[in-house]
Structures are given as C-alpha cells and as structure tokens.
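This report concerns only the one structure given below.
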Amino acid sequence: MAEWGEPEANNGTGTPEGRMSQSTIVRSSFGTFLARVATSVSVFLAVFYLATTGASVLGVYSLFIAVVEVVGLVTDAGLSAAAKKRISEGVERDEFFTAALLTRLGIFVAVAAVLVGFRGEITAYIGHEFAVPFLLLCSLTYLVQSTLYESLSGEKRVARAGLLGFVSNGGRLVAWIPLLALDYGVFGILVGVWLGQVLAVVVGVAMLSLQLRRPARRHFESLFRFAKYSWMGALQETSWIWTDTLILGVFVAPALVGVYELSWQITGVLFFVASAISSALFPNISELAARNDYDRVTDLLERSLVYVGIMSIPGFVGGIIFAEPILAMFGDEYRVGATAVVVLLLARAFHSYEVVFGEALNALDRPDLMFRTNLVFLVLLISLNVVGITLFGWVGAAFATTAAMVVRTALSFYFIRSILPFTVPTREIGFEILAALFMGACLWVLTPDATLGIPTTLLLVGTGAAIYALTVLALIERVRVEASGLVSNVRTLL
C-alpha cells in the first residue's frame with residue numbers, strides 16, 4: 001500500500017513505523033470510503049423511491065426520522081463518543097462498552113415515559129397515528145446500533161462500522177418495496193425503517209469483538225468525564241442534520257419539508273469522502289496522542305486536509321449547473337429546491353474541513369474546546385433557522401444552516417491550531433478549486449440549456465467528474481501517487 005506522498009524532512013514519519021501509520025490511515029479511509037459509498041447509494045435509492053411516491057410522504061418520513069435522531073441524541077448524552085475514545089485507548093474495552101450501553105438504556109427508559117406522555121402532540125407533529133409506537137421501537141434499536149457503530153470505530157474497525165449504515169438503509173429499502181406494493185403506505189414505511197435497524201444490529205453484534213463485562217464505578221466516571229463535553233458534539237451533529245427539518249415541520253407543509261429533505265440528501269453524496277477520512281483519523285490520532293507522538297499526528301492531519309474537499313469542492317461548482325435538472329429527475333414538484341441545493345452544497349464544502357478539525361480535537365482529548373465550538377454553532381443554527389424561515393420562507397433554512405457552518409468551521413480551525421501547529425496544504429486545495437472551475441467552464445459550454453433530460457444530465461455529470469479527476473491527477477502529485485497505490489492494491493486483491 002502506498003503512503004500519502006513522500007514524507008517531509010524531519011517530520012517523524014520516515015521510520016517504518018511512521019510509514020505503517022500513514023498506510024493504515026489510507027487503508028482505513030479507503031475501506032470506510034467504500035462503505036460510505038454503499039451507504040450513500042442505499043440512502044439515495046431509498047429517498048428516490050419515497051420521492052416518487054410524493055413530496056408529502058417524504059416529508060412525513062423525514063419528520064419521523066428527525067424525531068428518532070433527537071431521541072437518540074438525548075439517550076446518547078455524549079456517551080457513545082466517550083466510549084469510542086476510551087475503547088480506542090486499548091484498556092478495559094469490554095467494561096467501557098458495557099458501561100456505555102447500560103447507561104444509555106437507563107436514559108431511554110426515562111425518555112420513553114416522556115414520549116408516551118406527549119403522544120398526542122408528537123402524533124400531530126409527525127402526521128401519522130402510529131408515530132409514537134414506532135418511535136419507541138426505532139429509538140431503541142437506533143440506540144443499540146449507534147453504540148455498536150462507535151464501539152467498532154473505537155476498535156479501529158471503521159470500515160466495518162460503516163457497513164451498519166448500509167445494512168440499515170439497504171434493509172429498509174428492500175422492506176419498502178413489497179410493503180408499499182401491498183399498499184401499506186406510511187405504516188409500511190415505518191415498519192421498513194425498524195426492520196432495517198434490526199438487521200443492522202444483528203450484523204453489528206456479529207462483527208463486534210467486544211463482550212459484555214461487568215463495569216466498575218471508575219468506568220462510568222471515566223465516560224462521564226469525557227461525555228460532559230462530548231455530548232455537545234453529538235448535539236451539534238444531530239442539530240446540523242435535522243434542526244432545519246424540525247423547524248420547517250412547524251412552519252411549512254409536509255410537501256415542502258419533503259422538497260428540502262431531498263435537496264439535503266442529494267448534497268450528502270458529496271460528503272462521504274470527508275466523513276470516511278475523519279472516521280479513520282480519530283482512532284489513529286487518539287492512539288498516537290496517547291503515545292505523545294505529535295509529529296505524526298500533525299502529518300496525518302495535514303495529509304487528510306488534501307483529500308477531504310476533493311468531492312465537495314467540484315460538487316458545489318457542478319451543483320450551480322445541474323441542481324434543477326437533478327431535482328427534476330424525482331418529479332417536477334421538486335424543481336423549486338434548486339436554490340436550496342446550491343446553498344447546502346456550500347455548507348457541505350465547509351463541513352468537509354470542519355469534521356476533520358473536530359475529530360482531531362476529540363482525538364486529542366480536548367472535548368472542552370469542541371464544547372465551546374458546538375455551543376456557538378447550536379445557538380446560531382437554531383436562531384438563524386427561525387429567523388430565516390420566518391423572513392424568507394423554507395429556503396431561508398438553507399442559508400441559515402450554511403452561515404452557521406461557516407462560523408463553526410472557523411472556530412474549530414482556530415482551536416485546533418491553538419494546540420497543534422500544522423500547515424494547511426493551500427497549494428493542493430488551490431489546485432482542487434482550479435480543477436473544479438475548469439470543470440465548470442467545460443460543462444457550461446457543453447450544457448445546451450436548463451431543461452435537460454435524465455440521460456443527458458447523467459452523461460454530463462459523468463463527463464464533469466472525469467474532467468475534474470483527470471485535472472486533479474495532472475496538477476497534484478501526492479494525489480497521483482496515492483491513486484496509483486490504491487489501484488495497485490485493488491489489482492493485488494483481484
């Protein structure tokens with residue numbers, strides 16, 4: 001497996017151990033990348049399938065999933081991130097896993113009582129009579145699934161952890177096909193969500209090497225010491241994905257919620273490279289930091305920044321041209337979401353870098369700094385969404401979310417630079433922007449008009465991707481070297 005370019009002089013990575021660490025990051029990132037590709041494809045197909053049934057159905061589904069995520073956030077309370085951190089340190093892993101799971105189950109009992117107490121309001125908000133029973137079922141299985149995911153990540157099995165999302169989303173899609181064909185409607189959709197989660201839990205348990213083992217009081221205390229800061233990170237992640245949808249559910253009809261959710265899901269396809277790299281980065285930086293090997297931590301962070309925007313940057317440029325034709329593939333009622341797609345693509349581009357800074361801060365055991373960043377972000381996200389939607393309608397949610405993410409990226413960058421001096425690879429990032437602009441210019445010439453059919457849209461998107469990839473390979477040497485290594489590795493496996 002090739003390293004990420006040649007080691008810099010005197011950076012501590014010239015040893016065989018240093019080369020091994022870099023190769024491990026690349027291998028883990030590539031495996032996680034493939035898992036995220038599979039997950040993104042399954043999510044895309046699932047959303048596409050629901051979108052063809054109508055924006056209102058997609059809106060009800062989106063609100064239900066948003067509430068499941070909120071319940072998952074409350075039961076998590078930062079414990080899953082704390083468990084991942086402690087498990088990644090390699091000491092008493094079974095006890096930390098068990099302590100996290102038991103604590104989360106205990107919190108769930110209290111949350112379930114609240115859900116039952118407010119079942120009338122929740123049913124009216126989501127818009128389906130069986131919302132609360134399925135909310136209880138799906139929230140419980142989601143709790144177990146997310147705990148398994150973080151535990152697998154802590155074991156440095158991030159590619160396998162990534163498969164859980166694919167199994168869950170793929171399972172629900174497979175279940176939806178017969179259920180909707182038999183005219184079970186939204187009830188069938190909720191059943192499919194739960195069945196997909198159950199399948200993911202079964203697979204996660206089969207892959208996990210950790211066992212249930214009685215924890216001591218110190219294990220709970222250690223988790224809580226980390227979780228008291230990291231819960232804000234979990235809150236940030238959920239709020240980043242679902243705050244706009246939750247607030248839209250109060251102000252607009254389900255159909256517009258469906259349009260917005262489709263716009264958001266489309267932009268997510270361009271984020272899984274950054275997500276894969278950040279997931280693989282956390283356990284490796286955590287282990288290196290525990291050994292005080294900060295030279296290699298710095299090197300890994302700098303190398304990661306070369307790749308995290310490699311899809312989101314051209315995605316933003318391409319979205320300006322193809323947002324409306326891509327939405328039209330799902331139905332003419334979705335065309336109004338073109339502006340939201342472009343704005344949200346910009347948010348994804350910033351988030352691609354922010355997620356690396358955030359994972360690095362957590363891996364360096366500085367959840368206090370992430371707490372401050374996440375608190376500012378959360379206040380901005382909620383306040384800007386309320387103001388934006390009130391003044392500018394549903395599209396205001398996209399502008400509010402993007403503005404909050406820009407501030408969050410700046411804060412996380414400031415904090416990571418304050419504790420870990422590193423150099424931003426501005427030359428490579430500049431080349432990626434240049435390649436994206438060149439791709440956009442070519443597509444602008446090739447695009448005859450704004451009303452493109454599905455075959456023409458797909459052909460032009462593929463052409464743009466090829467132009468961008470070839471330009472990046474020509475301009476950036478370290479990407480060329482790494483791509484060559486990945487190709488060689490795949491050939492060896494075949």
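Going by the structure tokens order, chains are called A, B, ..., each with residues numbered from 1, while ligands are numbered from 1 in the order shown.
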Contacts between range 157-164 of chain A and range 41-149 of chain A, please, where a residue of range 41-149 of chain A counts if it comes within 9 Å (with only C-alpha atoms); show its shortest atom pair and distance in Å to one decimal, rows by chain and ascending number, as CSV.
```
residue,atom,partner,partner_atom,distance
A:Gln145,CA,A:Leu164,CA,7.7
A:Ser146,CA,A:Leu164,CA,8.9
A:Leu148,CA,A:Ala161,CA,7.7
A:Tyr149,CA,A:Ala161,CA,5.0
```
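If you count only C-alpha atoms and ignore residues fewer than 2 places along the chain from Ser88 in chain A, what sits within 7 Å of it is Lys84, Lys85, Arg86, Gly90, Gly154, Glu155, Pro283, Ser286 and Glu287 of chain A.
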Residues within 12 Å of Ala360 in chain A, only C-alpha atoms, excluding chain neighbours under 2 positions, as a PDB file with N, CA and C atoms, in the first residue's frame:
```pdb
ATOM      1  N   LYS A  85     -13.735   6.893  22.413  1.00  0.00           N
ATOM      2  CA  LYS A  85     -12.437   7.394  22.862  1.00  0.00           C
ATOM      3  C   LYS A  85     -11.768   6.403  23.811  1.00  0.00           C
ATOM      4  N   ILE A 277     -12.632   9.830   5.820  1.00  0.00           N
ATOM      5  CA  ILE A 277     -11.300  10.188   6.306  1.00  0.00           C
ATOM      6  C   ILE A 277     -11.346  10.558   7.780  1.00  0.00           C
ATOM      7  N   SER A 278     -12.330  11.350   8.183  1.00  0.00           N
ATOM      8  CA  SER A 278     -12.403  11.764   9.588  1.00  0.00           C
ATOM      9  C   SER A 278     -12.665  10.575  10.499  1.00  0.00           C
ATOM     10  N   SER A 279     -13.480   9.611  10.053  1.00  0.00           N
ATOM     11  CA  SER A 279     -13.747   8.425  10.868  1.00  0.00           C
ATOM     12  C   SER A 279     -12.488   7.599  11.069  1.00  0.00           C
ATOM     13  N   ALA A 280     -11.693   7.461  10.008  1.00  0.00           N
ATOM     14  CA  ALA A 280     -10.456   6.696  10.126  1.00  0.00           C
ATOM     15  C   ALA A 280      -9.396   7.462  10.908  1.00  0.00           C
ATOM     16  N   LEU A 281      -9.477   8.785  10.862  1.00  0.00           N
ATOM     17  CA  LEU A 281      -8.467   9.623  11.512  1.00  0.00           C
ATOM     18  C   LEU A 281      -8.555   9.561  13.029  1.00  0.00           C
ATOM     19  N   PHE A 282      -9.776   9.516  13.567  1.00  0.00           N
ATOM     20  CA  PHE A 282      -9.959   9.627  15.023  1.00  0.00           C
ATOM     21  C   PHE A 282      -9.192   8.567  15.819  1.00  0.00           C
ATOM     22  N   PRO A 283      -9.416   7.262  15.574  1.00  0.00           N
ATOM     23  CA  PRO A 283      -8.726   6.282  16.426  1.00  0.00           C
ATOM     24  C   PRO A 283      -7.219   6.311  16.256  1.00  0.00           C
ATOM     25  N   ASN A 284      -6.734   6.654  15.059  1.00  0.00           N
ATOM     26  CA  ASN A 284      -5.290   6.691  14.840  1.00  0.00           C
ATOM     27  C   ASN A 284      -4.642   7.877  15.559  1.00  0.00           C
ATOM     28  N   ILE A 285      -5.266   9.053  15.490  1.00  0.00           N
ATOM     29  CA  ILE A 285      -4.740  10.208  16.216  1.00  0.00           C
ATOM     30  C   ILE A 285      -4.841   9.965  17.720  1.00  0.00           C
ATOM     31  N   SER A 286      -5.940   9.359  18.161  1.00  0.00           N
ATOM     32  CA  SER A 286      -6.107   9.070  19.575  1.00  0.00           C
ATOM     33  C   SER A 286      -4.971   8.186  20.096  1.00  0.00           C
ATOM     34  N   GLU A 287      -4.621   7.159  19.332  1.00  0.00           N
ATOM     35  CA  GLU A 287      -3.549   6.249  19.746  1.00  0.00           C
ATOM     36  C   GLU A 287      -2.192   6.949  19.735  1.00  0.00           C
ATOM     37  N   LEU A 288      -1.934   7.751  18.692  1.00  0.00           N
ATOM     38  CA  LEU A 288      -0.662   8.467  18.600  1.00  0.00           C
ATOM     39  C   LEU A 288      -0.544   9.503  19.720  1.00  0.00           C
ATOM     40  N   ALA A 289      -1.638  10.186  20.025  1.00  0.00           N
ATOM     41  CA  ALA A 289      -1.604  11.196  21.084  1.00  0.00           C
ATOM     42  C   ALA A 289      -1.351  10.543  22.441  1.00  0.00           C
ATOM     43  N   TYR A 294       3.291  13.557  18.561  1.00  0.00           N
ATOM     44  CA  TYR A 294       2.562  14.643  17.925  1.00  0.00           C
ATOM     45  C   TYR A 294       3.094  15.013  16.544  1.00  0.00           C
ATOM     46  N   VAL A 297       0.961  12.961  14.378  1.00  0.00           N
ATOM     47  CA  VAL A 297      -0.398  13.496  14.412  1.00  0.00           C
ATOM     48  C   VAL A 297      -0.524  14.673  13.445  1.00  0.00           C
ATOM     49  N   THR A 298       0.447  15.568  13.502  1.00  0.00           N
ATOM     50  CA  THR A 298       0.441  16.729  12.614  1.00  0.00           C
ATOM     51  C   THR A 298       0.497  16.310  11.147  1.00  0.00           C
ATOM     52  N   LEU A 300      -0.449  13.456   9.773  1.00  0.00           N
ATOM     53  CA  LEU A 300      -1.706  12.827   9.353  1.00  0.00           C
ATOM     54  C   LEU A 300      -2.799  13.871   9.122  1.00  0.00           C
ATOM     55  N   LEU A 301      -2.843  14.893   9.981  1.00  0.00           N
ATOM     56  CA  LEU A 301      -3.857  15.934   9.826  1.00  0.00           C
ATOM     57  C   LEU A 301      -3.633  16.713   8.535  1.00  0.00           C
ATOM     58  N   GLU A 302      -2.390  17.081   8.267  1.00  0.00           N
ATOM     59  CA  GLU A 302      -2.097  17.839   7.052  1.00  0.00           C
ATOM     60  C   GLU A 302      -2.434  17.037   5.809  1.00  0.00           C
ATOM     61  N   SER A 304      -4.631  14.642   5.554  1.00  0.00           N
ATOM     62  CA  SER A 304      -6.088  14.499   5.457  1.00  0.00           C
ATOM     63  C   SER A 304      -6.730  15.701   4.782  1.00  0.00           C
ATOM     64  N   LEU A 305      -6.212  16.903   5.059  1.00  0.00           N
ATOM     65  CA  LEU A 305      -6.799  18.122   4.509  1.00  0.00           C
ATOM     66  C   LEU A 305      -6.662  18.212   2.994  1.00  0.00           C
ATOM     67  N   TYR A 353     -14.177  20.193   5.845  1.00  0.00           N
ATOM     68  CA  TYR A 353     -12.965  20.547   6.600  1.00  0.00           C
ATOM     69  C   TYR A 353     -13.244  20.589   8.097  1.00  0.00           C
ATOM     70  N   GLU A 354     -14.419  21.077   8.463  1.00  0.00           N
ATOM     71  CA  GLU A 354     -14.743  21.192   9.879  1.00  0.00           C
ATOM     72  C   GLU A 354     -14.749  19.841  10.578  1.00  0.00           C
ATOM     73  N   VAL A 355     -15.251  18.803   9.896  1.00  0.00           N
ATOM     74  CA  VAL A 355     -15.365  17.499  10.542  1.00  0.00           C
ATOM     75  C   VAL A 355     -13.991  16.922  10.865  1.00  0.00           C
ATOM     76  N   VAL A 356     -12.978  17.242  10.051  1.00  0.00           N
ATOM     77  CA  VAL A 356     -11.608  16.780  10.329  1.00  0.00           C
ATOM     78  C   VAL A 356     -11.046  17.521  11.540  1.00  0.00           C
ATOM     79  N   PHE A 357     -11.235  18.832  11.591  1.00  0.00           N
ATOM     80  CA  PHE A 357     -10.763  19.598  12.747  1.00  0.00           C
ATOM     81  C   PHE A 357     -11.440  19.105  14.028  1.00  0.00           C
ATOM     82  N   GLY A 358     -12.741  18.846  13.952  1.00  0.00           N
ATOM     83  CA  GLY A 358     -13.478  18.410  15.130  1.00  0.00           C
ATOM     84  C   GLY A 358     -13.042  17.035  15.615  1.00  0.00           C
ATOM     85  N   ASN A 362     -11.278  16.053  19.319  1.00  0.00           N
ATOM     86  CA  ASN A 362     -11.765  14.998  20.204  1.00  0.00           C
ATOM     87  C   ASN A 362     -10.719  13.914  20.414  1.00  0.00           C
ATOM     88  N   ALA A 363     -10.008  13.561  19.344  1.00  0.00           N
ATOM     89  CA  ALA A 363      -8.978  12.526  19.459  1.00  0.00           C
ATOM     90  C   ALA A 363      -7.823  12.976  20.345  1.00  0.00           C
ATOM     91  N   LEU A 364      -7.570  14.282  20.399  1.00  0.00           N
ATOM     92  CA  LEU A 364      -6.525  14.823  21.264  1.00  0.00           C
ATOM     93  C   LEU A 364      -7.030  15.047  22.686  1.00  0.00           C
ATOM     94  N   ASP A 365      -8.215  14.529  22.961  1.00  0.00           N
ATOM     95  CA  ASP A 365      -8.811  14.594  24.304  1.00  0.00           C
ATOM     96  C   ASP A 365      -9.068  16.034  24.748  1.00  0.00           C
ATOM     97  N   ARG A 366      -9.550  16.855  23.788  1.00  0.00           N
ATOM     98  CA  ARG A 366      -9.926  18.233  24.115  1.00  0.00           C
ATOM     99  C   ARG A 366     -11.399  18.476  23.797  1.00  0.00           C
ATOM    100  N   PRO A 367     -12.289  17.678  24.390  1.00  0.00           N
ATOM    101  CA  PRO A 367     -13.716  17.898  24.145  1.00  0.00           C
ATOM    102  C   PRO A 367     -14.210  19.236  24.686  1.00  0.00           C
ATOM    103  N   LEU A 369     -12.846  22.128  24.138  1.00  0.00           N
ATOM    104  CA  LEU A 369     -12.789  23.095  23.039  1.00  0.00           C
ATOM    105  C   LEU A 369     -13.927  22.853  22.040  1.00  0.00           C
ATOM    106  N   MET A 370     -14.217  21.574  21.783  1.00  0.00           N
ATOM    107  CA  MET A 370     -15.329  21.276  20.895  1.00  0.00           C
ATOM    108  C   MET A 370     -16.660  21.680  21.526  1.00  0.00           C
ATOM    109  N   SER A 412     -13.534  25.857  14.877  1.00  0.00           N
ATOM    110  CA  SER A 412     -12.817  24.595  15.065  1.00  0.00           C
ATOM    111  C   SER A 412     -11.402  24.681  14.517  1.00  0.00           C
ATOM    112  N   PHE A 413     -11.202  25.416  13.418  1.00  0.00           N
ATOM    113  CA  PHE A 413      -9.867  25.622  12.876  1.00  0.00           C
ATOM    114  C   PHE A 413      -9.004  26.428  13.857  1.00  0.00           C
ATOM    115  N   PHE A 415      -9.286  26.622  17.108  1.00  0.00           N
ATOM    116  CA  PHE A 415      -8.948  25.842  18.301  1.00  0.00           C
ATOM    117  C   PHE A 415      -7.906  24.763  18.018  1.00  0.00           C
ATOM    118  N   ILE A 416      -8.017  24.081  16.889  1.00  0.00           N
ATOM    119  CA  ILE A 416      -7.031  23.031  16.605  1.00  0.00           C
ATOM    120  C   ILE A 416      -5.660  23.639  16.346  1.00  0.00           C
ATOM    121  N   ARG A 417      -5.621  24.811  15.730  1.00  0.00           N
ATOM    122  CA  ARG A 417      -4.337  25.488  15.503  1.00  0.00           C
ATOM    123  C   ARG A 417      -3.733  25.987  16.815  1.00  0.00           C
ATOM    124  N   ILE A 419      -3.627  24.408  19.613  1.00  0.00           N
ATOM    125  CA  ILE A 419      -2.982  23.334  20.386  1.00  0.00           C
ATOM    126  C   ILE A 419      -2.094  22.431  19.525  1.00  0.00           C
ATOM    127  N   LEU A 420      -2.207  22.548  18.199  1.00  0.00           N
ATOM    128  CA  LEU A 420      -1.420  21.687  17.320  1.00  0.00           C
ATOM    129  C   LEU A 420      -0.978  22.493  16.103  1.00  0.00           C
TER     130      LEU A 420
END
```
Please, what distance in Å, to one decimal, runs between CA of Val67 in chain A and CA of Leu270 in chain A? 24.7 Å
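The environment of Leu381 in chain A within 10 Å, counting only C-alpha atoms and disregarding residues fewer than 2 places along the same chain, consists of Gln236, Ser239, Trp240, Thr243, Asp244, Leu375, Val376, Phe377, Leu378, Val379, Ser383, Leu384, Asn385, Val386, Ala397, Ala400, Thr401, Thr402, Ala403, Ala404, Met405 and Arg408 of chain A.
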Pick out the residues sitting within 9 Å of Gly188 in chain A, and hand them over as a PyMOL selection string; count only C-alpha atoms, and ignore anything fewer than 3 positions along from it in its own chain. chain A and resi 175-176+178-180+182-185+191-193
Hey, can you spit out that residue selection with N, CA, C and O atoms as a CSV table (one decimal), in the first residue's frame?
```csv
chain,number,residue,atom,x,y,z
A,175,ALA,N,-37.3,-3.8,2.4
A,175,ALA,CA,-38.6,-4.0,3.0
A,175,ALA,C,-39.7,-3.1,2.4
A,175,ALA,O,-40.9,-3.5,2.3
A,176,TRP,N,-39.3,-1.9,2.0
A,176,TRP,CA,-40.3,-1.0,1.5
A,176,TRP,C,-41.0,-1.5,0.2
A,176,TRP,O,-42.2,-1.2,0.0
A,178,PRO,N,-42.0,-4.4,-1.1
A,178,PRO,CA,-43.2,-5.2,-1.0
A,178,PRO,C,-44.3,-4.5,-0.1
A,178,PRO,O,-45.5,-4.6,-0.4
A,179,LEU,N,-43.8,-3.8,0.9
A,179,LEU,CA,-44.8,-3.2,1.8
A,179,LEU,C,-45.6,-2.1,1.1
A,179,LEU,O,-46.8,-2.0,1.3
A,180,LEU,N,-44.9,-1.3,0.3
A,180,LEU,CA,-45.6,-0.2,-0.4
A,180,LEU,C,-46.4,-0.8,-1.6
A,180,LEU,O,-47.5,-0.3,-2.0
A,182,LEU,N,-48.0,-3.5,-1.5
A,182,LEU,CA,-49.2,-4.1,-0.9
A,182,LEU,C,-50.1,-2.9,-0.3
A,182,LEU,O,-51.0,-3.2,0.4
A,183,ASP,N,-49.7,-1.7,-0.6
A,183,ASP,CA,-50.5,-0.5,-0.2
A,183,ASP,C,-50.5,-0.3,1.3
A,183,ASP,O,-51.6,0.1,1.8
A,184,TYR,N,-49.4,-0.6,2.0
A,184,TYR,CA,-49.4,-0.3,3.4
A,184,TYR,C,-49.0,1.2,3.7
A,184,TYR,O,-49.1,1.6,4.9
A,185,GLY,N,-48.6,1.9,2.7
A,185,GLY,CA,-48.4,3.4,2.9
A,185,GLY,C,-47.4,3.7,3.9
A,185,GLY,O,-46.3,3.1,4.0
A,191,VAL,N,-42.5,0.5,9.3
A,191,VAL,CA,-42.1,-0.9,9.5
A,191,VAL,C,-40.8,-1.2,8.9
A,191,VAL,O,-39.9,-1.8,9.5
A,192,GLY,N,-40.6,-0.7,7.7
A,192,GLY,CA,-39.3,-0.9,7.0
A,192,GLY,C,-38.2,-0.3,7.7
A,192,GLY,O,-37.1,-0.8,7.7
A,193,VAL,N,-38.4,0.9,8.2
A,193,VAL,CA,-37.3,1.6,9.0
A,193,VAL,C,-36.8,0.7,10.1
A,193,VAL,O,-35.6,0.5,10.4
```
Would you list the contacts of Leu101 in chain A as a JSON list (two decimals) with C-alpha atoms, in the first residue's frame, taking every protein, DNA or RNA residue within 8 Å and counting only C-alpha atoms, but skipping same-chain residues closer than 3 positions in sequence?
```json
[["chain", "number", "residue", "atom", "x", "y", "z"],
["A", 97, "PHE", "CA", -18.55, -0.77, 26.09],
["A", 98, "THR", "CA", -20.87, -2.31, 28.69],
["A", 104, "ARG", "CA", -27.89, 4.68, 27.51],
["A", 105, "LEU", "CA", -30.56, 2.04, 28.12],
["A", 144, "VAL", "CA", -28.10, -0.11, 20.14],
["A", 147, "THR", "CA", -23.46, 2.19, 20.30]]
```
From range 175-302 of chain A, collect each residue whose DSSP state is alpha helix (DSSP H) and return the set as a VMD selection string. chain A and resid 175 to 181 185 to 207 217 to 251 254 to 268 272 to 290 294 to 302
Between A:Ser209, A:Ser275, A:Thr339, A:Ser153, smallest distance to Gly309 in chain A by only C-alpha atoms belongs to A:Ser275
Compare A:Val111, A:Val60, A:Ala349, A:Leu173 by their minimum atom-to-atom distance to Thr39 in chain A, counting only C-alpha atoms, and give me the closest one. A:Leu173
Find the residues around Gly54 in chain A up to 12 Å (only C-alpha atoms counted), leave out those fewer than 6 positions away in its own chain, and share them as a VMD selection string. chain A and resid 47 to 48 60 to 61 185 to 186 254 to 259 262 330 to 334
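Atom pair CA of Thr103 in chain A / CA of Phe220 in chain A: separated by 8.3 Å.
The shortest atom-to-atom distance to Ser352 in chain A, with only C-alpha atoms taken into account, belongs to A:Ala274 out of A:Ala99, A:Ala328, A:Val445, A:Ala274.
For the set A:Ala77, A:Ala66, A:Leu446, A:Leu346, the residue with the smallest atom-to-atom gap to Ile321 in chain A is A:Leu446, counting only C-alpha atoms.
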